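Everything on this sheet refers to the single structure shown next.
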Amino acid sequence: MLQLKNIYKSYITGGSRQIALDGINLKFRESEFVTVLGPSGSGKTTFLNIIGGLERCDKGDLIINGKSTKEFTDSNWDFYRNNNIGFIFKNYNLIPHLSILENVTIAVSFNGLSKKEKQEKAIEALNRVGIKDYMRKTSQYLTKDEMQRVAIARALVNNPKIILADEPTGNLDSKSTIEIMNLIKEIFKDKLVILITQNPGIAKRYATRMITFRDGEVIEDTNPLKEDLHQKEIDLKRTHMKISMAIKLAIRDISNKKLRMFFYVLISSIGIMGIALIVALLQGFNKQISGYENDTLANYPIVINKVYTNYSIHNTSQNSKQNQNDLKNSKLNTKNDIIYSYNSSQNSTEHINQVNKDYIDYIKQMDKDLVSEISYESQINMNILREDEDGKVSILDTSTINLSSYPKDYGQETYLEKNYELLYGYYPTNKNEVVLIVDEKNRLDTNILNALGIDVKKNKEIKFDDLIGKEYKIILNDEFYKKQNGHFYVDSSEKNLKKLYNSKNTITISITAILRAKEDSNLSNLPEGISYSNELCNYYIDDCKKSDIVKSQQDSNYNVITGQTLKNSKNKEDEIFEISGINILNNVNQSTTKNQMLSSLGASLLPSSITIYPKDFESKSDIIEYLDNYNKDKNEDEKILYKDTSTTINKLSTNIMKGITIVLVVFATLIFFISLITIFILTYASVLERKTEVCILRVLGGKKRDIVRLFNTENVIIGFLAGILGVFLAYTFIVPMNYGLEKITDLSNVAILKVENAIVVIAISVILTFIGGFIPAKIAARKDPVEFLKNQN
Ligand code: ADP
Ligand code: MG
């Protein structure tokens with residue numbers, strides 16, 4: 001049934017080739033007791049290992065039941081071993097942490113029997129070798145003789161056809177030797193037994209055939225087989241370790257090293273706890289911030305200004321190189337006292353909102369439940385004169401300089417102090433002091449600068465000093481408009497303007513401050529340009545209302561300047577927006593309404609912006625959606641762009657959140673890797689320690705994959721335990737942590753570990769130990785059982 005055909009095997013050790021088997025030709029009967037004799041190093045063990053499929057020969061062929069094994073794969077050999085071979089060793093090779101019963105059961109664990117069947121078989125085998133008690137104890141309580149009996153039971157239990165015994169009595173006294181030899185002879189009597197021994201007496205006494213080795217060659221065979229072997233199928237039934245077996249072995253291993261495993265689990269669980277706490281904190285911070293957003297940010301309005309500036313558009317425009325320079329400059333600007341002029345009309349970053357009646361109607365149709373208030377801010381048209389360096393006086397175009405008014409008092413700090421950064425000068429202290437507002441890059445539209453009387457062409461950079469202290473004169477209506485033949489007119493001759501400029505009744509305003517919106521301010525809605533206090537505004541309106549021109553305009557249906565008939569305005573609310581942006585001196589035409597005329601004359605306010613205050617955070621997004629809907633099918637220039645004043649805050653909070661997240665994720669990653677390395681080291685140590693088990697499993701026909709599975713199972717169990725413990729520790733730690741955080745930050749219950757997140761963390765723990773243990777498990781599976789066996793001797 002077994003034939004060795006010219007088997008040749010050598011080893012290379014330290015550079016030289018050592019021939020272990022040098023052309024072995026042997027045939028074996030299905031049932032015979034073969035003893036192998038020979039001096040140490042003559043190749044006996046190697047011979048046995050090749051028959052057992054533990055080693056591969058270099059040359060030659062092993063014929064099993066008439067079939068060549070040349071094409072055998074590793075798995076084939078494992079199946080072959082498991083189904084056909086029983087090994088008995090000099091050192092018994094029992095797995096120390098398994099019970100006697102389990103040591104035997106393990107040999108039948110690869111062929112899919114039920115637990116009960118396996119146990120029955122194992123008990124039967126043990127009974128046959130004379131072990132009846134203490135089966136549930138580990139082997140450490142047994143005598144050497146008993147240990148070898150257990151090993152024989154293990155070889156027997158699977159009912160193999162071939163028994164390979166490598167000096168099974170080498171460690172036993174002579175009395176035990178006889179007993180064991182008798183036992184082997186008796187229970188394997190109808191099998192092929194190949195038994196190596198150093199004892200020629202024993203060999204002679206039990207053998208039906210004696211083979212003697214010397215220097216890798218057979219020098220004597222007392223009963224060689226001459227006839228041909230009859231053909232028979234070899235048994236290569238598929239075998240594999242059941243997961244339940246792997247779990248059993250793993251649990252057994254864990255419970256045998258309780259203390260060590262406890263520390264193993266503890267170390268892993270600390271990492272897992274860290275990850276769980278980080279998840280809890282992230283979750284909590286997120287909740288805190290969205291809560292904060294809901295509470296606070298809802299109060300920040302959506303503003304529709306006449307001019308909408310967006311810097312993100314800016315960056316995508318083609319002149320981005322120049323913008324980069326601008327950005328670079330802007331960093332210096334806080335130190336330099338310089339304003340940069342730029343042409344806003346060339347700049348795609350600015351969008352003029354053409355707010356018309358349609359839009360106002362649209363806003364009015366908005367769901368009333370969404371808004372707590374809509375307000376329409378206004379500006380006023382003033383008669384202002386400026387005197388240039390050369391003494392020339394001219395009318396200042398107020399629509400160009402973006403005249404706006406700011407609230408004078410706003411809580412403890414003034415509105416300006418609260419929302420604007422002072423770049424130069426001082427915050428105004430009386431109504432005649434005005435401020436110049438620049439954009440976040442210290443820029444100002446060239447037209448504004450020109451209108452203010454600054455010659456921009458010469459120098460694109462304007463010193464703060466050149467603007468601070470600059471004076472302008474407001475001419476009240478009665479002086480500004482002259483009446484002749486029932487009509488009013490403005491005498492814009494140079495001489496008259498000079499006269500007006502130097503008149504005593506003017507209001508002299510001067511620029512005292514250059515301001516820039518604070519980055520974190522959300523109420524800095526003033527347009528870039530000149531801004532004055534509402535006190536001055538009210539004063540001016542009061543005066544205008546009393547002026548002759550306004551009184552006559554109120555009483556007449558024609559334009560008191562041009563004499564043209566005025567259009568009728570439809571209703572009061574619409575009027576507000578009809579007048580937007582009208583400047584009397586260069587924009588008087590047929591379609592002017594009376595209201596437009598009056599506001600041009602300074603008697604009423606011009607709307608400059610719409611401010612929508614949402615009810616709460618949710619309604620805010622609804623409002624935004626509503627406003628966006630308006631723009632859907634509109635041309636670019638017809639779109640009305642709004643500014644969500646909470647986005648700055650939003651950005652801030654999301655940035656904080658981002659920062660926290662990054663830090664925590666870095667920590668979590670660190671913990672993850674530390675855990676990974678720890679698990680790697682611990683598993684590797686365990687691999688080294690479980691060499692016997694690994695090798696015995698392999699000898700018994702366990703595949704490499706079974707070994708990997710064994711370690712993986714154990715690691716998954718450990719990972720699961722560590723996960724549970726880690727989550728438990730995290731829940732325990734969250735209590736004092738939240739208490740501490742509440743003490744420090746006033747935020748209650750920051751860290752929250754949701755159940756679903758806890759489950760995820762446990763899963764992470766399992767995956768972590770699985771990954772960390774995978775390579776050591778692979779290493780374990782690679783371990784060559786032969787080396788282990790040979791190193792024992
Ligand atoms: P025996 O069992 O008869 O003592 P072995 O089969 O163990 O002999 O060894 C035969 C020869 O092969 C010896 O010279 C031994 O040194 C060598 N040998 C056996 N196994 C190995 C191995 N794994 N690596 C290197 N040399 C080996
Ligand atoms: Mg040997």
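Going through the structure tokens in order, the chains are called A, B, and so on, while each chain numbers its residues from 1 and the ligands are numbered from 1 in the order shown.
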Nearby residues (only C-alpha atoms) at most 7 Å from segment 661-672 of chain A, same-chain spacing under 5 positions excluded, as a tab-separated table (two decimals) with C-alpha atoms, in the first residue's frame:
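Okay, this is what ended up in part_6.tsv:
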```tsv
chain	number	residue	atom	x	y	z
A	271	GLY	CA	-6.98	51.92	23.58
A	274	GLY	CA	-9.67	56.14	24.21
A	275	ILE	CA	-11.33	55.73	20.85
A	278	ILE	CA	-13.02	60.47	21.38
A	282	LEU	CA	-16.83	64.44	18.85
```
Enumerate, in order of chain and increasing residue number, the residues of chain A with an atom no farther than 12 Å from ligand 1, each with its shortest atom pair and distance in Å to one decimal, counting only C-alpha atoms and all ligand atoms, as a tab-separated table.
```
residue	atom	partner	partner_atom_place_in_ligand_line	distance
A:Tyr8	CA	ligand 1	12 (O)	11.4
A:Lys9	CA	ligand 1	12 (O)	8.4
A:Ser10	CA	ligand 1	12 (O)	6.8
A:Tyr11	CA	ligand 1	25 (C)	4.8
A:Ile12	CA	ligand 1	25 (C)	6.2
A:Thr13	CA	ligand 1	25 (C)	5.5
A:Gly14	CA	ligand 1	25 (C)	9.1
A:Gly15	CA	ligand 1	25 (C)	10.8
A:Ser16	CA	ligand 1	25 (C)	10.0
A:Arg17	CA	ligand 1	26 (N)	8.6
A:Gln18	CA	ligand 1	12 (O)	6.0
A:Ile19	CA	ligand 1	12 (O)	6.1
A:Ala20	CA	ligand 1	12 (O)	4.0
A:Leu21	CA	ligand 1	10 (C)	7.2
A:Asp22	CA	ligand 1	10 (C)	10.3
A:Val36	CA	ligand 1	3 (O)	9.2
A:Leu37	CA	ligand 1	3 (O)	8.3
A:Gly38	CA	ligand 1	3 (O)	6.4
A:Pro39	CA	ligand 1	3 (O)	6.1
A:Ser40	CA	ligand 1	4 (O)	3.7
A:Gly41	CA	ligand 1	8 (O)	3.4
A:Ser42	CA	ligand 1	3 (O)	3.9
A:Gly43	CA	ligand 1	6 (O)	3.3
A:Lys44	CA	ligand 1	3 (O)	3.8
A:Thr45	CA	ligand 1	2 (O)	3.6
A:Thr46	CA	ligand 1	6 (O)	3.7
A:Phe47	CA	ligand 1	6 (O)	6.4
A:Leu48	CA	ligand 1	6 (O)	8.1
A:Asn49	CA	ligand 1	6 (O)	8.4
A:Ile50	CA	ligand 1	6 (O)	9.9
A:Leu54	CA	ligand 1	23 (N)	11.3
A:Glu55	CA	ligand 1	23 (N)	9.3
A:Arg56	CA	ligand 1	23 (N)	11.4
A:Cys57	CA	ligand 1	20 (N)	11.9
A:Phe89	CA	ligand 1	2 (O)	11.8
A:Lys90	CA	ligand 1	2 (O)	11.5
A:Ala165	CA	ligand 1	2 (O)	11.5
A:Asp166	CA	ligand 1	2 (O)	8.1
A:Glu167	CA	ligand 1	2 (O)	9.1
A:Leu195	CA	ligand 1	2 (O)	11.5
A:Ile196	CA	ligand 1	2 (O)	8.3
A:Thr197	CA	ligand 1	3 (O)	9.7
A:Gln198	CA	ligand 1	3 (O)	9.5
A:Thr212	CA	ligand 1	3 (O)	10.1
A:Phe213	CA	ligand 1	3 (O)	7.6
A:Arg214	CA	ligand 1	3 (O)	8.2
A:Asp215	CA	ligand 1	10 (C)	7.8
A:Gly216	CA	ligand 1	10 (C)	7.0
A:Glu217	CA	ligand 1	3 (O)	10.5
A:Val218	CA	ligand 1	3 (O)	11.4
A:Asp784	CA	ligand 1	23 (N)	9.4
A:Pro785	CA	ligand 1	23 (N)	10.1
A:Val786	CA	ligand 1	23 (N)	6.9
A:Glu787	CA	ligand 1	23 (N)	5.5
A:Phe788	CA	ligand 1	23 (N)	9.0
A:Leu789	CA	ligand 1	23 (N)	9.2
A:Lys790	CA	ligand 1	7 (O)	6.4
A:Asn791	CA	ligand 1	23 (N)	8.3
A:Gln792	CA	ligand 1	7 (O)	10.5
A:Asn793	CA	ligand 1	7 (O)	8.5
```
Quiz item: For Asp478 of chain A, which residue among A:Gln354, A:Asn383, A:Asn738, A:Asn534 is the nearest when counting only C-alpha atoms?
Solution: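 Among the listed residues, the smallest separation from Asp478 of chain A belongs to A:Asn383.
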Self-check item: Nearby residues (only C-alpha atoms) at most 10 Å from Leu126 of chain A, same-chain spacing under 3 positions excluded, as an MDAnalysis selection string
Solution: chainID A and resid 100:101 104 120:123 129:133 135 149:154 156:157
Can you write just those residues out, N, CA, C and O atoms, as an mmCIF file, in the first residue's frame?
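File produced: result.cif:
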```cif
data_model
loop_
_atom_site.group_PDB
_atom_site.id
_atom_site.type_symbol
_atom_site.label_atom_id
_atom_site.label_comp_id
_atom_site.auth_asym_id
_atom_site.auth_seq_id
_atom_site.Cartn_x
_atom_site.Cartn_y
_atom_site.Cartn_z
ATOM 1 N N ILE A 100 -6.821 15.986 28.864
ATOM 2 C CA ILE A 100 -6.452 14.713 28.234
ATOM 3 C C ILE A 100 -7.456 14.371 27.132
ATOM 4 O O ILE A 100 -7.093 14.040 26.008
ATOM 5 N N LEU A 101 -8.711 14.519 27.480
ATOM 6 C CA LEU A 101 -9.761 14.211 26.513
ATOM 7 C C LEU A 101 -9.633 15.095 25.273
ATOM 8 O O LEU A 101 -9.722 14.628 24.137
ATOM 9 N N VAL A 104 -7.020 14.285 22.769
ATOM 10 C CA VAL A 104 -7.374 13.191 21.853
ATOM 11 C C VAL A 104 -8.441 13.665 20.850
ATOM 12 O O VAL A 104 -8.358 13.392 19.655
ATOM 13 N N GLU A 120 -17.136 10.667 22.109
ATOM 14 C CA GLU A 120 -17.301 9.219 22.237
ATOM 15 C C GLU A 120 -16.104 8.477 21.686
ATOM 16 O O GLU A 120 -15.557 7.562 22.316
ATOM 17 N N LYS A 121 -15.681 8.917 20.493
ATOM 18 C CA LYS A 121 -14.511 8.293 19.864
ATOM 19 C C LYS A 121 -13.281 8.443 20.751
ATOM 20 O O LYS A 121 -12.502 7.501 20.933
ATOM 21 N N ALA A 122 -13.108 9.654 21.287
ATOM 22 C CA ALA A 122 -11.923 9.930 22.105
ATOM 23 C C ALA A 122 -11.930 9.082 23.372
ATOM 24 O O ALA A 122 -10.909 8.494 23.757
ATOM 25 N N ILE A 123 -13.093 8.998 23.991
ATOM 26 C CA ILE A 123 -13.176 8.214 25.234
ATOM 27 C C ILE A 123 -12.898 6.742 24.952
ATOM 28 O O ILE A 123 -12.164 6.076 25.677
ATOM 29 N N VAL A 129 -6.433 2.427 25.461
ATOM 30 C CA VAL A 129 -5.028 2.503 25.891
ATOM 31 C C VAL A 129 -4.929 2.432 27.420
ATOM 32 O O VAL A 129 -3.844 2.582 27.980
ATOM 33 N N GLY A 130 -6.056 2.241 28.073
ATOM 34 C CA GLY A 130 -6.020 2.027 29.512
ATOM 35 C C GLY A 130 -6.164 3.281 30.342
ATOM 36 O O GLY A 130 -5.833 3.299 31.532
ATOM 37 N N ILE A 131 -6.643 4.363 29.761
ATOM 38 C CA ILE A 131 -6.888 5.583 30.549
ATOM 39 C C ILE A 131 -8.388 5.712 30.733
ATOM 40 O O ILE A 131 -9.137 5.824 29.752
ATOM 41 N N LYS A 132 -8.796 5.671 31.981
ATOM 42 C CA LYS A 132 -10.235 5.693 32.215
ATOM 43 C C LYS A 132 -10.658 6.889 33.073
ATOM 44 O O LYS A 132 -11.779 7.354 32.998
ATOM 45 N N ASP A 133 -9.721 7.369 33.897
ATOM 46 C CA ASP A 133 -10.065 8.491 34.788
ATOM 47 C C ASP A 133 -9.299 9.751 34.381
ATOM 48 O O ASP A 133 -8.430 9.726 33.533
ATOM 49 N N MET A 135 -9.857 12.206 32.715
ATOM 50 C CA MET A 135 -9.809 12.630 31.314
ATOM 51 C C MET A 135 -9.959 14.132 31.151
ATOM 52 O O MET A 135 -9.539 14.693 30.154
ATOM 53 N N ARG A 149 0.549 6.913 26.493
ATOM 54 C CA ARG A 149 -0.722 6.238 26.218
ATOM 55 C C ARG A 149 -1.724 7.214 25.594
ATOM 56 O O ARG A 149 -2.436 6.872 24.637
ATOM 57 N N VAL A 150 -1.765 8.391 26.168
ATOM 58 C CA VAL A 150 -2.664 9.411 25.610
ATOM 59 C C VAL A 150 -2.278 9.694 24.161
ATOM 60 O O VAL A 150 -3.132 9.786 23.275
ATOM 61 N N ALA A 151 -0.963 9.811 23.921
ATOM 62 C CA ALA A 151 -0.496 10.076 22.561
ATOM 63 C C ALA A 151 -0.889 8.934 21.623
ATOM 64 O O ALA A 151 -1.251 9.162 20.461
ATOM 65 N N ILE A 152 -0.827 7.719 22.139
ATOM 66 C CA ILE A 152 -1.222 6.572 21.317
ATOM 67 C C ILE A 152 -2.724 6.636 21.026
ATOM 68 O O ILE A 152 -3.164 6.394 19.893
ATOM 69 N N ALA A 153 -3.483 7.014 22.050
ATOM 70 C CA ALA A 153 -4.932 7.170 21.857
ATOM 71 C C ALA A 153 -5.211 8.214 20.786
ATOM 72 O O ALA A 153 -6.104 8.056 19.949
ATOM 73 N N ARG A 154 -4.406 9.265 20.813
ATOM 74 C CA ARG A 154 -4.584 10.327 19.824
ATOM 75 C C ARG A 154 -4.292 9.811 18.407
ATOM 76 O O ARG A 154 -4.963 10.180 17.443
ATOM 77 N N LEU A 156 -4.647 6.797 17.532
ATOM 78 C CA LEU A 156 -5.625 5.739 17.252
ATOM 79 C C LEU A 156 -6.997 6.285 16.876
ATOM 80 O O LEU A 156 -7.700 5.713 16.038
ATOM 81 N N VAL A 157 -7.363 7.403 17.510
ATOM 82 C CA VAL A 157 -8.755 7.841 17.500
ATOM 83 C C VAL A 157 -9.322 8.037 16.101
ATOM 84 O O VAL A 157 -10.496 7.787 15.847
#
```
Quiz item: Hey, what's within 10 Å of Asp622 of chain A if we count only C-alpha atoms and toss same-chain stuff fewer than 6 positions away? As a ChimeraX atom specification, please?
Solution: /A:366-367,370,614,628
Limited to all heavy atoms, could you put the picked residues into a file as a PDB file, in the first residue's frame?
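Wrote it out as out-v2.pdb, contents follow:
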```pdb
ATOM      1  N   MET A 366     -43.510  85.773   1.241  1.00  0.00           N
ATOM      2  CA  MET A 366     -42.841  84.738   2.030  1.00  0.00           C
ATOM      3  C   MET A 366     -43.688  84.362   3.254  1.00  0.00           C
ATOM      4  O   MET A 366     -44.395  85.189   3.818  1.00  0.00           O
ATOM      5  CB  MET A 366     -41.479  85.256   2.492  1.00  0.00           C
ATOM      6  CG  MET A 366     -40.620  84.215   3.140  1.00  0.00           C
ATOM      7  SD  MET A 366     -38.893  84.705   3.082  1.00  0.00           S
ATOM      8  CE  MET A 366     -38.963  86.317   3.833  1.00  0.00           C
ATOM      9  N   ASP A 367     -43.605  83.104   3.603  1.00  0.00           N
ATOM     10  CA  ASP A 367     -44.363  82.579   4.736  1.00  0.00           C
ATOM     11  C   ASP A 367     -44.095  83.407   5.994  1.00  0.00           C
ATOM     12  O   ASP A 367     -42.962  83.521   6.443  1.00  0.00           O
ATOM     13  CB  ASP A 367     -43.931  81.114   4.962  1.00  0.00           C
ATOM     14  CG  ASP A 367     -44.817  80.435   5.991  1.00  0.00           C
ATOM     15  OD1 ASP A 367     -45.645  81.133   6.608  1.00  0.00           O
ATOM     16  OD2 ASP A 367     -44.667  79.214   6.155  1.00  0.00           O
ATOM     17  N   LEU A 370     -42.066  82.253   9.060  1.00  0.00           N
ATOM     18  CA  LEU A 370     -40.615  82.059   9.013  1.00  0.00           C
ATOM     19  C   LEU A 370     -39.843  83.240   9.589  1.00  0.00           C
ATOM     20  O   LEU A 370     -38.743  83.070  10.087  1.00  0.00           O
ATOM     21  CB  LEU A 370     -40.150  81.826   7.570  1.00  0.00           C
ATOM     22  CG  LEU A 370     -40.670  80.572   6.862  1.00  0.00           C
ATOM     23  CD1 LEU A 370     -40.172  80.543   5.428  1.00  0.00           C
ATOM     24  CD2 LEU A 370     -40.207  79.326   7.599  1.00  0.00           C
ATOM     25  N   PRO A 614     -34.842  85.854  10.713  1.00  0.00           N
ATOM     26  CA  PRO A 614     -35.604  84.600  10.754  1.00  0.00           C
ATOM     27  C   PRO A 614     -36.085  84.295  12.164  1.00  0.00           C
ATOM     28  O   PRO A 614     -35.485  84.738  13.151  1.00  0.00           O
ATOM     29  CB  PRO A 614     -34.595  83.532  10.317  1.00  0.00           C
ATOM     30  CG  PRO A 614     -33.341  84.267   9.985  1.00  0.00           C
ATOM     31  CD  PRO A 614     -33.413  85.622  10.579  1.00  0.00           C
ATOM     32  N   ASP A 628     -33.283  81.760  -2.736  1.00  0.00           N
ATOM     33  CA  ASP A 628     -32.565  81.122  -3.839  1.00  0.00           C
ATOM     34  C   ASP A 628     -33.498  80.788  -4.990  1.00  0.00           C
ATOM     35  O   ASP A 628     -33.127  80.881  -6.158  1.00  0.00           O
ATOM     36  CB  ASP A 628     -31.888  79.830  -3.359  1.00  0.00           C
ATOM     37  CG  ASP A 628     -30.653  80.133  -2.533  1.00  0.00           C
ATOM     38  OD1 ASP A 628     -30.143  81.267  -2.653  1.00  0.00           O
ATOM     39  OD2 ASP A 628     -30.210  79.252  -1.781  1.00  0.00           O
TER      40      ASP A 628
END
```
Quiz item: Could you pull the residues within 6 Å of Ile194 of chain A, counting only C-alpha atoms, minus those fewer than 3 positions along the same chain, as a list in words?
Solution: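 Surrounding residues, per the criterion: Val34, Thr35 and Leu164 of chain A.
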Limited to N, CA and C atoms, could you put the picked residues into a file as a compact mmCIF listing (two decimals), in the first residue's frame?
```
# COMPACT_ATOMS: atom_id res chain seq x y z
N VAL A 34 6.84 -2.76 11.36
CA VAL A 34 8.20 -2.52 10.87
C VAL A 34 8.97 -1.73 11.91
N THR A 35 10.12 -2.23 12.32
CA THR A 35 10.97 -1.41 13.18
C THR A 35 12.14 -0.92 12.34
N LEU A 164 2.99 5.96 12.52
CA LEU A 164 4.40 6.30 12.45
C LEU A 164 4.86 6.68 13.86
```
Quiz prompt | helix (DSSP H, G or I) residues, from DSSP on the backbone, in segment 115-262 of chain A, as a PyMOL selection string | solution = chain A and resi 115-128+139-141+144-157+174-187+200-206+243-256+258-262
Self-check item: Among the residues A:Gly170, A:Ile395, A:Ile656, A:Leu192, the one that comes closest to ligand 2 [using only C-alpha atoms and all ligand atoms]
Solution: A:Gly170
Exercise. Write down as a list in words the residues belonging to segment 53-166 of chain A that are assigned strand (DSSP E or B) by DSSP computed on the backbone.
Key: Lys59, Gly60, Asp61, Leu62, Ile63, Ile64, Lys67, Ser68, Ile85, Gly86, Phe87, Ile88, Phe89, Ser99, Asn111, Thr138, Ile162, Ile163, Leu164, Ala165 and Asp166 of chain A
Listing only residues of segment 482-503 of chain A within 12 Å of segment 544-547 of chain A, what is the closest atom pair and its distance in Å (to one decimal) for each, using only C-alpha atoms, sorted by chain and residue number ascending, as CSV?
```
residue,atom,partner,partner_atom,distance
A:Lys482,CA,A:Ser547,CA,11.3
A:Lys483,CA,A:Ser547,CA,11.8
A:Phe488,CA,A:Ser547,CA,11.9
```
Practice problem: Show which residues sit within 8 Å of Val108 of chain A, as a list in words. Count only C-alpha atoms, and ignore same-chain residues fewer than 3 positions away. | Solution: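 With the cut-off at 8 Å, the set is Val104, Thr105, Asn111, Leu113, Lys118, Val157 and Asn158 of chain A.
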Quiz item: Neighbours of Tyr92 of chain A within 8 Å (only C-alpha atoms; same-chain residues fewer than 6 positions away dropped), as a list in words?
Solution: Met147, Gln148, Ala151 and Pro168 of chain A
Expected file: the selected residues, N, CA and C atoms, as a compact mmCIF listing (two decimals), in the first residue's frame:
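What follows is the written file result-v9.txt:
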```
# COMPACT_ATOMS: atom_id res chain seq x y z
N MET A 147 1.32 9.52 29.61
CA MET A 147 1.33 10.52 28.54
C MET A 147 1.46 9.84 27.18
N GLN A 148 2.34 8.85 27.13
CA GLN A 148 2.51 8.17 25.85
C GLN A 148 1.25 7.40 25.48
N ALA A 151 -0.96 9.81 23.92
CA ALA A 151 -0.50 10.08 22.56
C ALA A 151 -0.89 8.93 21.62
N PRO A 168 9.16 5.94 20.25
CA PRO A 168 8.10 6.19 21.23
C PRO A 168 8.50 5.79 22.65
```
